[in-house]
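Written out below as structure tokens is the structure these notes cover.
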Amino acid sequence: MPTRPAHAPPGGNTVNIRVTRRLLWVDQAVYPLANITRVHTSTFHPNRWRAFVSCVKVVGATVAVTLVLALLSAVASGVDSDSGSSDFFGLVGAVTSVIAIFAIIKMLIVMFSPSYPILVIETSGPPAVLIPGTDRAALQEITLQISRSLENPDIELTLKVQSLTIGNTSNYHYGDTVNMFGGERNTGVSR
């Protein structure tokens, strides 16, 4: 049973992969070999476009709300020459600035996040296993070893894979977008 040691990347942990005659173990998760449809490496990309669009929406909405409140404040100060309306507008301006700065910082974090190579193990159902790492060649070697054991059930395999811990995976995407018959607004394969 070959074991593939690797040095631990910063922020990483060890994932144990084991293939027996009928099962694929990824730490404590168990997948029947008959349900494995694809094993491959891919790249986990930050979703920079979505982060940009989200930032533009948040900043645009806060600016629009600020302008509406400024207009209402101007109308209210014309009716009642109280200094409370200017204090209210100052507070709204401060809150708007904080929201805009937060949205811009959040966008910049995603924009400057690196891409990571990942090992992907897909099943015939919705579950998929994503193991991010730092060395694409090592992940491709693991892919070959797993595929050999899938082809030959007599081969049993045990691997220790050094994986990365990625904070917010919702800021990332992987794989292809595929055009399907009957789908709406599909444009074919894109990356």
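Chain labels run A, B, ... following the order of the structure tokens; each chain numbers its residues from 1, and ligands are numbered from 1 in the order shown.
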Quick one: residues within 10 Å of Ile118 in chain A, only C-alpha atoms counted, chain neighbours fewer than 5 positions away excluded, as a ChimeraX atom specification? /A:40-44,129-136,139-140,163-164,174
Quick one: write out the picked residues with C-alpha atoms as a PDB file, in the first residue's frame?
ATOM      1  CA  HIS A  40      -9.433  14.762 -12.206  1.00  0.00           C
ATOM      2  CA  THR A  41      -7.449  17.831 -11.299  1.00  0.00           C
ATOM      3  CA  SER A  42      -8.797  21.287 -11.864  1.00  0.00           C
ATOM      4  CA  THR A  43      -8.162  24.803 -10.646  1.00  0.00           C
ATOM      5  CA  PHE A  44     -10.094  26.569  -7.914  1.00  0.00           C
ATOM      6  CA  VAL A 129     -14.861  15.823  -3.130  1.00  0.00           C
ATOM      7  CA  LEU A 130     -12.607  18.855  -3.578  1.00  0.00           C
ATOM      8  CA  ILE A 131      -9.094  18.670  -2.133  1.00  0.00           C
ATOM      9  CA  PRO A 132      -7.138  21.895  -2.706  1.00  0.00           C
ATOM     10  CA  GLY A 133      -3.363  21.710  -2.688  1.00  0.00           C
ATOM     11  CA  THR A 134      -0.288  23.606  -3.760  1.00  0.00           C
ATOM     12  CA  ASP A 135       1.360  21.116  -6.131  1.00  0.00           C
ATOM     13  CA  ARG A 136      -0.620  20.320  -9.275  1.00  0.00           C
ATOM     14  CA  LEU A 139      -2.470  15.992  -7.380  1.00  0.00           C
ATOM     15  CA  GLN A 140      -2.235  14.601 -10.924  1.00  0.00           C
ATOM     16  CA  SER A 163      -4.453  19.892   1.666  1.00  0.00           C
ATOM     17  CA  LEU A 164      -4.967  23.617   2.018  1.00  0.00           C
ATOM     18  CA  TYR A 174     -14.056  25.394 -10.499  1.00  0.00           C
TER      19      TYR A 174
END
Among range 6-165 of chain A, which residues does DSSP mark as strand (DSSP E) when it is run on the backbone? Keep the chain and numbering as in the structure and answer as a ChimeraX atom specification. /A:12-19,23-26,29-32,36-46,116-123,128-132,157-164
Which residues are close to Pro32 in chain A, i.e. within 10 Å by only C-alpha atoms, leaving aside same-chain residues fewer than 4 positions away? Reply as a VMD selection string. chain A and resid 19 to 25 36 123
Write the residues you've just listed into a file as a PDB file, in the first residue's frame, and include C-alpha atoms for each of them.
ATOM      1  CA  VAL A  19      -9.158   2.723  -1.823  1.00  0.00           C
ATOM      2  CA  THR A  20     -10.243  -0.794  -0.881  1.00  0.00           C
ATOM      3  CA  ARG A  21     -11.902  -3.414  -3.064  1.00  0.00           C
ATOM      4  CA  ARG A  22     -15.278  -1.654  -3.168  1.00  0.00           C
ATOM      5  CA  LEU A  23     -14.908   1.675  -1.351  1.00  0.00           C
ATOM      6  CA  LEU A  24     -13.127   4.998  -1.639  1.00  0.00           C
ATOM      7  CA  TRP A  25     -12.465   6.617   1.725  1.00  0.00           C
ATOM      8  CA  ILE A  36     -17.253   7.245  -8.849  1.00  0.00           C
ATOM      9  CA  THR A 123     -19.844  10.686  -8.003  1.00  0.00           C
TER      10      THR A 123
END
Can you pull out every residue within 12 Å of range 57-65 of chain A, counting only C-alpha atoms, but drop anything in the same chain fewer than 5 positions away, and send it as a PDB file with N, CA, C and O atoms, in the first residue's frame?
ATOM      1  N   ARG A  50     -17.818  38.017 -10.091  1.00  0.00           N
ATOM      2  CA  ARG A  50     -18.948  38.079  -9.156  1.00  0.00           C
ATOM      3  C   ARG A  50     -18.655  39.051  -8.011  1.00  0.00           C
ATOM      4  O   ARG A  50     -19.518  39.798  -7.582  1.00  0.00           O
ATOM      5  N   ALA A  51     -17.397  39.066  -7.528  1.00  0.00           N
ATOM      6  CA  ALA A  51     -17.025  39.995  -6.457  1.00  0.00           C
ATOM      7  C   ALA A  51     -17.125  41.442  -6.934  1.00  0.00           C
ATOM      8  O   ALA A  51     -17.614  42.315  -6.207  1.00  0.00           O
ATOM      9  N   PHE A  52     -16.688  41.702  -8.174  1.00  0.00           N
ATOM     10  CA  PHE A  52     -16.768  43.051  -8.721  1.00  0.00           C
ATOM     11  C   PHE A  52     -18.223  43.500  -8.871  1.00  0.00           C
ATOM     12  O   PHE A  52     -18.588  44.606  -8.466  1.00  0.00           O
ATOM     13  N   ALA A  70     -30.668  62.362   1.192  1.00  0.00           N
ATOM     14  CA  ALA A  70     -30.208  63.751   1.095  1.00  0.00           C
ATOM     15  C   ALA A  70     -31.301  64.638   0.530  1.00  0.00           C
ATOM     16  O   ALA A  70     -31.515  65.765   1.008  1.00  0.00           O
ATOM     17  N   LEU A  71     -32.009  64.140  -0.462  1.00  0.00           N
ATOM     18  CA  LEU A  71     -33.121  64.893  -1.040  1.00  0.00           C
ATOM     19  C   LEU A  71     -34.220  65.103  -0.006  1.00  0.00           C
ATOM     20  O   LEU A  71     -34.736  66.215   0.153  1.00  0.00           O
ATOM     21  N   LEU A  72     -34.559  64.041   0.709  1.00  0.00           N
ATOM     22  CA  LEU A  72     -35.577  64.158   1.761  1.00  0.00           C
ATOM     23  C   LEU A  72     -35.108  65.105   2.873  1.00  0.00           C
ATOM     24  O   LEU A  72     -35.898  65.871   3.421  1.00  0.00           O
ATOM     25  N   SER A  73     -33.828  65.055   3.196  1.00  0.00           N
ATOM     26  CA  SER A  73     -33.271  65.934   4.222  1.00  0.00           C
ATOM     27  C   SER A  73     -33.328  67.392   3.776  1.00  0.00           C
ATOM     28  O   SER A  73     -33.635  68.280   4.561  1.00  0.00           O
ATOM     29  N   PHE A  89     -28.095  63.811   8.108  1.00  0.00           N
ATOM     30  CA  PHE A  89     -27.410  63.588   6.843  1.00  0.00           C
ATOM     31  C   PHE A  89     -25.940  63.227   7.068  1.00  0.00           C
ATOM     32  O   PHE A  89     -25.382  62.396   6.361  1.00  0.00           O
ATOM     33  N   VAL A  92     -25.922  59.587   8.022  1.00  0.00           N
ATOM     34  CA  VAL A  92     -26.172  58.750   6.843  1.00  0.00           C
ATOM     35  C   VAL A  92     -24.926  58.698   5.955  1.00  0.00           C
ATOM     36  O   VAL A  92     -24.557  57.643   5.433  1.00  0.00           O
ATOM     37  N   GLY A  93     -24.253  59.823   5.792  1.00  0.00           N
ATOM     38  CA  GLY A  93     -23.020  59.857   5.000  1.00  0.00           C
ATOM     39  C   GLY A  93     -21.929  58.978   5.605  1.00  0.00           C
ATOM     40  O   GLY A  93     -21.212  58.271   4.887  1.00  0.00           O
ATOM     41  N   ALA A  94     -21.822  58.991   6.923  1.00  0.00           N
ATOM     42  CA  ALA A  94     -20.821  58.160   7.592  1.00  0.00           C
ATOM     43  C   ALA A  94     -21.141  56.677   7.423  1.00  0.00           C
ATOM     44  O   ALA A  94     -20.247  55.870   7.132  1.00  0.00           O
ATOM     45  N   VAL A  95     -22.405  56.312   7.591  1.00  0.00           N
ATOM     46  CA  VAL A  95     -22.812  54.914   7.432  1.00  0.00           C
ATOM     47  C   VAL A  95     -22.600  54.469   5.985  1.00  0.00           C
ATOM     48  O   VAL A  95     -22.098  53.363   5.727  1.00  0.00           O
ATOM     49  N   THR A  96     -22.932  55.315   5.029  1.00  0.00           N
ATOM     50  CA  THR A  96     -22.725  55.004   3.616  1.00  0.00           C
ATOM     51  C   THR A  96     -21.250  54.786   3.315  1.00  0.00           C
ATOM     52  O   THR A  96     -20.874  53.852   2.609  1.00  0.00           O
ATOM     53  N   SER A  97     -20.398  55.624   3.874  1.00  0.00           N
ATOM     54  CA  SER A  97     -18.956  55.482   3.661  1.00  0.00           C
ATOM     55  C   SER A  97     -18.437  54.162   4.219  1.00  0.00           C
ATOM     56  O   SER A  97     -17.644  53.477   3.571  1.00  0.00           O
ATOM     57  N   VAL A  98     -18.907  53.791   5.413  1.00  0.00           N
ATOM     58  CA  VAL A  98     -18.471  52.539   6.025  1.00  0.00           C
ATOM     59  C   VAL A  98     -18.918  51.348   5.172  1.00  0.00           C
ATOM     60  O   VAL A  98     -18.139  50.418   4.922  1.00  0.00           O
ATOM     61  N   ILE A  99     -20.160  51.369   4.703  1.00  0.00           N
ATOM     62  CA  ILE A  99     -20.673  50.271   3.874  1.00  0.00           C
ATOM     63  C   ILE A  99     -19.879  50.178   2.564  1.00  0.00           C
ATOM     64  O   ILE A  99     -19.495  49.090   2.139  1.00  0.00           O
ATOM     65  N   ALA A 100     -19.612  51.312   1.929  1.00  0.00           N
ATOM     66  CA  ALA A 100     -18.852  51.310   0.668  1.00  0.00           C
ATOM     67  C   ALA A 100     -17.426  50.812   0.889  1.00  0.00           C
ATOM     68  O   ALA A 100     -16.914  50.013   0.095  1.00  0.00           O
ATOM     69  N   ILE A 101     -16.787  51.245   1.954  1.00  0.00           N
ATOM     70  CA  ILE A 101     -15.421  50.796   2.239  1.00  0.00           C
ATOM     71  C   ILE A 101     -15.406  49.293   2.504  1.00  0.00           C
ATOM     72  O   ILE A 101     -14.527  48.577   2.016  1.00  0.00           O
ATOM     73  N   PHE A 102     -16.376  48.801   3.264  1.00  0.00           N
ATOM     74  CA  PHE A 102     -16.461  47.366   3.537  1.00  0.00           C
ATOM     75  C   PHE A 102     -16.639  46.578   2.243  1.00  0.00           C
ATOM     76  O   PHE A 102     -15.975  45.555   2.033  1.00  0.00           O
ATOM     77  N   ALA A 103     -17.513  47.040   1.341  1.00  0.00           N
ATOM     78  CA  ALA A 103     -17.751  46.348   0.066  1.00  0.00           C
ATOM     79  C   ALA A 103     -16.490  46.349  -0.796  1.00  0.00           C
ATOM     80  O   ALA A 103     -16.160  45.338  -1.435  1.00  0.00           O
ATOM     81  N   ILE A 104     -15.771  47.455  -0.813  1.00  0.00           N
ATOM     82  CA  ILE A 104     -14.548  47.541  -1.617  1.00  0.00           C
ATOM     83  C   ILE A 104     -13.461  46.635  -1.045  1.00  0.00           C
ATOM     84  O   ILE A 104     -12.770  45.929  -1.792  1.00  0.00           O
ATOM     85  N   ILE A 105     -13.326  46.606   0.275  1.00  0.00           N
ATOM     86  CA  ILE A 105     -12.325  45.723   0.898  1.00  0.00           C
ATOM     87  C   ILE A 105     -12.656  44.264   0.613  1.00  0.00           C
ATOM     88  O   ILE A 105     -11.774  43.469   0.273  1.00  0.00           O
ATOM     89  N   LYS A 106     -13.936  43.913   0.732  1.00  0.00           N
ATOM     90  CA  LYS A 106     -14.354  42.530   0.451  1.00  0.00           C
ATOM     91  C   LYS A 106     -14.035  42.153  -0.993  1.00  0.00           C
ATOM     92  O   LYS A 106     -13.554  41.053  -1.271  1.00  0.00           O
ATOM     93  N   MET A 107     -14.276  43.080  -1.935  1.00  0.00           N
ATOM     94  CA  MET A 107     -13.979  42.824  -3.338  1.00  0.00           C
ATOM     95  C   MET A 107     -12.467  42.669  -3.546  1.00  0.00           C
ATOM     96  O   MET A 107     -12.017  41.761  -4.250  1.00  0.00           O
TER      97      MET A 107
END
